[in-house]
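Everything below concerns the one structure shown next.
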Amino acid sequence: MSTLQSVRHWLLTEEPTSRRQARLAAWYKAWLTLRGNTLAMLGLAVLIFLILAAIFAPLLATHDPFAQDLGARLLEPGEDGHIFGTDSLGRDIYSRLLYGARISLYIVALVVMVAPLVGLIMGTVAGYAGGWLDVVLMRITDIFLAFPRLILALAFVAALGAGIENAVLAISLTAWPPYARIARAETLTIRNSDYIHAIRLQGAGPLRIVTRHIWPLCISSLVIRVTLDMAGIILTAAGLGFLGLGAQPPSPEWGAMISEGRQYILDSWWVATIPGLAIFSISLAFNLLGDGLRDMLDPKEDT
Amino acid sequence: MTDATDGEGRLRPSFPPWLTKTLKTLLTVAATLLGLLLVTFLIGRVMPIDPVLAVIGERATQEQYEQTYRDLGLDQPLLVQFFIYVSDVVRGDLGTSIRTGEAVTADIARVFPATLELATLGTLFGVLLGVPLGVVAAVRRGTWIDQLARLVGLVGYSMPIFWLGLVGLLIFYGILGWVSGPGRLGIFYQGIVEPITGMLLIDSALRGEWAVFRSAFSHIILPASLLGYYSLAYISRMTRSFMLEQLGSEYIITARVKGLSEWQVIWGHAFRNIRVQLLTVIALAYANLLEGSVLTEIIFAWPGLGQYITTSLLANDMNAVLGGTIVIGSIFVAINILSDLLYRVLDPRSK
């Protein structure tokens, strides 16, 4: 207990003695604020639950998600040990949901690795370089912003061919412009600050200044935006899956599962409804967490 | 979109500021549209489907293949091809749809009114419910109604629209039987009304065919209100934050001190000042619904632009897909520019 308290004290001290202490303290204070936001914590809890479910899917699943059993088609939830019932090919919906969580998180992870990075590079380069490069890069950004996202993603997937990887690529291609805008705005405010001048006088080149001194300061606003966007990414991915352009059957992608259950909606409501609830809960969780993060890092937004 | 057009009018004195502003706006629009075409052009070029085979079929001879190859201009350099493409699009030629065998422009003109009708009615729902909800949430900040508005928004941002459509069909059509199922019109009413605008509600009302009107209404009400829910989420959230900004300012205190009724303070003072901002938001919501209708149209078998694009897509009909993309993209740009212009004209501060 006393060590815990001393750690707490060390974290909350007014005068950090090392860079590491200051950084950890900032994280800890942010966590304390976030912890006070019930809805954000609820979102976080749901996400952790889903991530765990995805990781331990093989252990939690009661059936093989791909095993068909035509004798057990469209069983109601609870019947015969199928918690959420079975689909039109007799596959266990609960087990498929668990494996589907892996696909959703996989898509989100890939998009989150690509889109913000592209936006960060475009935005900081445009903001730091200025001049014609800024004009050209921002015009490109505006063109992509002018496109409706789902339609653009549709067109990309149409050109590249259906599949998860292409869906990820298409979503990333449509998702980066807002990040470029944010990164550019941040860069413009940082660019002329004294410490950047000081570093430049010390002889740092543009590459070093951008990557080592501007990027770290853009991260927090990007993280908020990314968290708020994750719901949109999931919904777009599910939409592509629903249209048959994302993950291909028999993959247990949630959007594709809804599409498969669509024709049975009036007789066997659970086949399409349950995967939809899964999509809804994961997007809602991301939105709640994102809202909480925004309130925490940027309190003025909520006035 | 707004960045470049937000330019300040203090350029050289030889040009009046409104002229430079207009020129700048026009340039921005032109550049954006050209970029849009470049993107669709490149998409059309990278696709793995052979455009020649798509036209002549697998069994054509080598000569036929080469003839078509030349006819399509594929032997030209890419830049020339792009130039031809742009000039075609500017002349209103989006190519021929392989699936329907008709000009893509004609196809789109035929299906677009259905989408427009759906999106317009949806936006109407969103505005009529979303604006009051946002205002009340701002006025009663922190109360249950504010929480409700927040919840409505969050749920709207998190719900897959195609799933909501399915569940809506299940409940209101399958179980309750309050509305009609998929499609635009009951089977007995089809072909009665000669199209005028292509929008069934308007056409049937103009022709006085009230039975048709009722059937059309019971078909459109569910998809339109579900779509409307999405713009409701957005519009109410924005209204709330605009109102909060106004309610915090000093002239509101003055108005209250003067002894005005709460109603006058809210609607007569605060709301008056957010109308222009709100108009921009509504325009954006409208543009978003035009796009959001893609998935809704699939669920409700609604014969609109969204369904046209996706069906063509699954049939590898690239001309139709890209044509639809261009049309929706251009509408997006147009709505953005229009709302920008409206803002300038209506907001006295921007002068």
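Identifiers in the structure tokens: chain A, B, ... in order shown; residue index from 1 per chain; ligand index from 1 in order shown.
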
Only residues of chain A matter here; which ones have an atom within 8 Å of chain B, counting only C-alpha atoms? Give them as a PyMOL selection string. chain A and resi 139-140+142-148+150-152+155-156+158-161+231-232+235+238-239+243+258+262+265-266+269+272-273+276+279-281+283-284+287-288+303

Residue neighbourhood Ala162 in chain A, 9 Å, only C-alpha atoms, exclusion window fewer than 2 positions, as a tab-separated table (two decimals) with N, CA and C atoms, in the first residue's frame:
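As a result, part.tsv now contains:
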```tsv
chain	number	residue	atom	x	y	z
A	157	VAL	N	-12.80	-0.06	-54.44
A	157	VAL	CA	-12.92	-1.51	-54.32
A	157	VAL	C	-13.32	-2.11	-55.65
A	158	ALA	N	-14.19	-1.38	-56.37
A	158	ALA	CA	-14.60	-1.87	-57.68
A	158	ALA	C	-13.39	-2.03	-58.58
A	159	ALA	N	-12.47	-1.07	-58.49
A	159	ALA	CA	-11.30	-1.13	-59.35
A	159	ALA	C	-10.30	-2.18	-58.88
A	160	LEU	N	-10.13	-2.28	-57.55
A	160	LEU	CA	-9.08	-3.16	-57.04
A	160	LEU	C	-9.55	-4.60	-56.89
A	164	ILE	N	-10.78	-8.12	-48.11
A	164	ILE	CA	-10.50	-7.32	-46.92
A	164	ILE	C	-9.38	-6.32	-47.17
A	165	GLU	N	-8.27	-6.78	-47.74
A	165	GLU	CA	-7.12	-5.89	-47.90
A	165	GLU	C	-7.48	-4.70	-48.78
A	166	ASN	N	-8.21	-4.96	-49.85
A	166	ASN	CA	-8.60	-3.87	-50.73
A	166	ASN	C	-9.60	-2.94	-50.05
A	167	ALA	N	-10.46	-3.51	-49.23
A	167	ALA	CA	-11.39	-2.67	-48.47
A	167	ALA	C	-10.60	-1.76	-47.54
A	240	LEU	N	-19.22	-2.14	-46.70
A	240	LEU	CA	-18.59	-2.80	-47.85
A	240	LEU	C	-18.82	-4.31	-47.77
A	244	GLY	N	-20.97	-7.00	-50.23
A	244	GLY	CA	-20.24	-8.09	-50.86
A	244	GLY	C	-18.91	-7.65	-51.41
A	245	LEU	N	-18.43	-6.46	-50.99
A	245	LEU	CA	-17.18	-5.95	-51.53
A	245	LEU	C	-16.04	-6.05	-50.53
A	246	GLY	N	-16.36	-6.40	-49.30
A	246	GLY	CA	-15.31	-6.50	-48.29
A	246	GLY	C	-14.88	-7.95	-48.14
A	247	ALA	N	-14.89	-8.40	-46.89
A	247	ALA	CA	-14.54	-9.79	-46.63
A	247	ALA	C	-15.49	-10.70	-47.40
A	248	GLN	N	-14.97	-11.77	-47.95
A	248	GLN	CA	-15.79	-12.67	-48.77
A	248	GLN	C	-16.27	-13.86	-47.96
```

Please list as an NGL selection string every residue within 9 Å of Tyr189 in chain B, counting only C-alpha atoms and excluding residues in the same chain fewer than 6 positions away. :B and (211-212 or 215-216)

If you run DSSP over the backbone, which residues in range 179-266 of chain B end up helix (DSSP H, G or I)? Put them as JSON, numbers by chain. {"B": [187, 188, 189, 200, 201, 202, 203, 204, 205, 206, 207, 210, 211, 212, 213, 214, 215, 216, 217, 218, 219, 220, 221, 222, 223, 224, 225, 226, 227, 228, 229, 230, 231, 232, 233, 234, 235, 236, 237, 238, 239, 240, 241, 242, 243, 244, 245, 246, 247, 250, 251, 252, 253, 254, 255, 256, 257, 262, 263, 264, 265, 266]}

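Of the listed residues B:Arg59, B:Leu118, B:Asp107, B:Val52, the one whose atoms come nearest to Leu74 in chain B is B:Val52, with distances taken using only C-alpha atoms.
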
Give me, as a ChimeraX atom specification, all polymer residues having an atom no more than 7 Å from Tyr99 in chain A, counting only C-alpha atoms and skipping those fewer than 5 positions away in the same chain. /A:54,57,252

Save out the residues we just selected, N, CA and C atoms, as a PDB file, in the first residue's frame.
```pdb
ATOM      1  N   ALA A  54     -11.924 -11.358 -29.025  1.00  0.00           N
ATOM      2  CA  ALA A  54     -11.285 -11.655 -30.306  1.00  0.00           C
ATOM      3  C   ALA A  54     -10.036 -12.499 -30.101  1.00  0.00           C
ATOM      4  N   ALA A  57     -10.970 -16.060 -29.002  1.00  0.00           N
ATOM      5  CA  ALA A  57     -12.077 -16.645 -29.765  1.00  0.00           C
ATOM      6  C   ALA A  57     -12.020 -18.170 -29.834  1.00  0.00           C
ATOM      7  N   PRO A 252     -16.564 -14.850 -41.451  1.00  0.00           N
ATOM      8  CA  PRO A 252     -17.622 -14.378 -40.541  1.00  0.00           C
ATOM      9  C   PRO A 252     -17.541 -12.883 -40.287  1.00  0.00           C
TER      10      PRO A 252
END
```

Near Tyr179 in chain A, counting only C-alpha atoms, which residues have an atom at most 10 Å away, once you skip same-chain residues fewer than 2 positions from it, shown as a PyMOL selection string? chain A and resi 115-123+141+175-177+181-185+218+221-223+225-226

What does the file look like for those residues with C-alpha atoms, as a PDB file, in the first residue's frame?
```
ATOM      1  CA  ALA A 115      -4.524   6.650 -42.779  1.00  0.00           C
ATOM      2  CA  PRO A 116      -3.296   8.835 -39.884  1.00  0.00           C
ATOM      3  CA  LEU A 117       0.302   8.312 -40.961  1.00  0.00           C
ATOM      4  CA  VAL A 118      -0.446   9.462 -44.504  1.00  0.00           C
ATOM      5  CA  GLY A 119      -2.396  12.421 -43.129  1.00  0.00           C
ATOM      6  CA  LEU A 120       0.376  13.259 -40.686  1.00  0.00           C
ATOM      7  CA  ILE A 121       3.028  13.268 -43.407  1.00  0.00           C
ATOM      8  CA  MET A 122       0.910  15.278 -45.847  1.00  0.00           C
ATOM      9  CA  GLY A 123      -0.217  17.776 -43.217  1.00  0.00           C
ATOM     10  CA  THR A 141      -6.633  16.943 -49.659  1.00  0.00           C
ATOM     11  CA  ALA A 175      -9.928   8.480 -44.434  1.00  0.00           C
ATOM     12  CA  TRP A 176      -6.651  10.406 -44.452  1.00  0.00           C
ATOM     13  CA  PRO A 177      -7.705  13.952 -45.526  1.00  0.00           C
ATOM     14  CA  ARG A 181      -5.999  19.074 -42.146  1.00  0.00           C
ATOM     15  CA  ILE A 182      -5.474  18.635 -38.411  1.00  0.00           C
ATOM     16  CA  ALA A 183      -1.746  17.978 -38.715  1.00  0.00           C
ATOM     17  CA  ARG A 184      -1.318  21.028 -40.928  1.00  0.00           C
ATOM     18  CA  ALA A 185      -3.202  23.265 -38.521  1.00  0.00           C
ATOM     19  CA  CYS A 218       0.385  16.514 -33.404  1.00  0.00           C
ATOM     20  CA  SER A 221      -5.180  15.723 -31.546  1.00  0.00           C
ATOM     21  CA  LEU A 222      -4.773  12.939 -34.077  1.00  0.00           C
ATOM     22  CA  VAL A 223      -5.458  10.261 -31.483  1.00  0.00           C
ATOM     23  CA  ARG A 225      -9.801  12.221 -34.125  1.00  0.00           C
ATOM     24  CA  VAL A 226      -8.777   8.631 -34.898  1.00  0.00           C
TER      25      VAL A 226
END
```

Env of Phe83 in chain B: 12 Å cut, atoms = only C-alpha atoms, seq-sep filter 5 positions within chain, self excluded. Answer as a compact mmCIF listing (two decimals) with N, CA and C atoms, in the first residue's frame.
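So result_8.txt came out as:
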```txt
# COMPACT_ATOMS: atom_id res chain seq x y z
N LEU B 34 -11.81 18.94 -61.55
CA LEU B 34 -10.80 18.30 -62.39
C LEU B 34 -10.12 17.17 -61.61
N LEU B 37 -12.33 14.21 -61.48
CA LEU B 37 -12.30 13.46 -62.72
C LEU B 37 -11.00 12.66 -62.84
N LEU B 38 -9.89 13.27 -62.37
CA LEU B 38 -8.61 12.56 -62.43
C LEU B 38 -8.70 11.29 -61.60
N PHE B 41 -10.86 8.81 -63.36
CA PHE B 41 -10.14 8.34 -64.55
C PHE B 41 -9.11 7.29 -64.15
N GLY B 73 -9.87 4.68 -77.79
CA GLY B 73 -8.77 5.62 -77.57
C GLY B 73 -7.69 5.08 -76.67
N GLN B 76 -3.87 5.78 -77.31
CA GLN B 76 -3.32 7.12 -77.09
C GLN B 76 -2.55 7.16 -75.77
N PRO B 77 -1.65 8.19 -75.66
CA PRO B 77 -0.98 8.37 -74.36
C PRO B 77 -2.00 8.69 -73.26
N LEU B 78 -1.63 8.38 -72.03
CA LEU B 78 -2.55 8.53 -70.91
C LEU B 78 -3.08 9.96 -70.79
N ASP B 88 -15.28 14.70 -72.81
CA ASP B 88 -16.53 13.92 -72.88
C ASP B 88 -17.45 14.24 -71.71
N VAL B 89 -16.86 14.22 -70.51
CA VAL B 89 -17.68 14.45 -69.31
C VAL B 89 -18.26 15.85 -69.34
N VAL B 90 -17.45 16.83 -69.76
CA VAL B 90 -17.92 18.20 -69.80
C VAL B 90 -19.10 18.33 -70.76
```

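Atom to atom, CA of Gly43 in chain A and CA of Phe286 in chain A stand 6.3 Å apart.
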
Spatial neighbours of range 224-239 of chain B, 7 Å, only C-alpha atoms, chain gap at least 5 places, as a compact mmCIF listing (two decimals) with N, CA and C atoms, in the first residue's frame:
```
# COMPACT_ATOMS: atom_id res chain seq x y z
N LEU B 118 -36.10 10.71 -51.73
CA LEU B 118 -35.80 10.06 -50.44
C LEU B 118 -34.94 10.97 -49.56
N ALA B 119 -33.88 11.53 -50.15
CA ALA B 119 -32.97 12.36 -49.37
C ALA B 119 -33.66 13.64 -48.91
N LEU B 121 -36.90 14.16 -48.32
CA LEU B 121 -37.83 13.88 -47.23
C LEU B 121 -37.06 13.58 -45.94
N GLY B 122 -35.93 12.83 -46.09
CA GLY B 122 -35.11 12.51 -44.93
C GLY B 122 -34.57 13.77 -44.27
N THR B 123 -34.06 14.69 -45.09
CA THR B 123 -33.52 15.93 -44.53
C THR B 123 -34.62 16.71 -43.84
N PHE B 125 -37.22 15.55 -42.30
CA PHE B 125 -37.38 14.96 -40.96
C PHE B 125 -36.29 15.45 -40.03
N GLY B 126 -35.07 15.37 -40.52
CA GLY B 126 -33.92 15.73 -39.69
C GLY B 126 -34.02 17.16 -39.21
N VAL B 127 -34.44 18.06 -40.10
CA VAL B 127 -34.51 19.47 -39.73
C VAL B 127 -35.66 19.71 -38.76
N LEU B 129 -37.17 17.78 -36.70
CA LEU B 129 -36.99 17.24 -35.35
C LEU B 129 -35.67 17.67 -34.74
N GLY B 130 -34.63 17.73 -35.57
CA GLY B 130 -33.29 17.97 -35.04
C GLY B 130 -33.09 19.37 -34.52
N VAL B 131 -33.61 20.36 -35.24
CA VAL B 131 -33.39 21.74 -34.80
C VAL B 131 -34.04 22.01 -33.45
N LEU B 133 -34.85 19.88 -31.17
CA LEU B 133 -34.17 19.07 -30.16
C LEU B 133 -32.85 19.73 -29.73
N GLY B 134 -32.09 20.21 -30.71
CA GLY B 134 -30.82 20.86 -30.40
C GLY B 134 -31.02 22.11 -29.58
N VAL B 135 -32.03 22.90 -29.95
CA VAL B 135 -32.29 24.15 -29.22
C VAL B 135 -32.67 23.84 -27.78
N VAL B 152 -29.21 10.34 -28.62
CA VAL B 152 -29.72 10.25 -29.99
C VAL B 152 -28.57 10.42 -30.97
N GLY B 153 -27.70 11.40 -30.69
CA GLY B 153 -26.57 11.65 -31.56
C GLY B 153 -25.61 10.48 -31.59
N GLY B 156 -26.95 7.51 -33.34
CA GLY B 156 -26.97 7.76 -34.77
C GLY B 156 -25.61 7.59 -35.41
N GLY B 165 -32.11 -0.28 -41.25
CA GLY B 165 -33.14 -0.46 -42.26
C GLY B 165 -33.80 -1.82 -42.15
N LEU B 278 -26.67 27.40 -39.35
CA LEU B 278 -27.51 26.21 -39.40
C LEU B 278 -27.79 25.80 -40.84
N VAL B 281 -25.01 23.80 -42.15
CA VAL B 281 -25.05 22.45 -41.60
C VAL B 281 -26.11 21.61 -42.30
N ILE B 282 -27.27 22.22 -42.54
CA ILE B 282 -28.34 21.48 -43.19
C ILE B 282 -27.95 21.10 -44.61
N ALA B 285 -25.71 18.19 -44.35
CA ALA B 285 -26.47 17.00 -43.98
C ALA B 285 -27.20 16.44 -45.20
N LEU B 289 -26.82 12.81 -46.95
CA LEU B 289 -27.93 11.87 -47.13
C LEU B 289 -27.96 11.32 -48.55
```

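Of the residues listed (B:Leu284, B:Val111, B:Ile266, B:Ala301), B:Ala301 shows the shortest atom-to-atom separation from Arg184 in chain B; distances use only C-alpha atoms.
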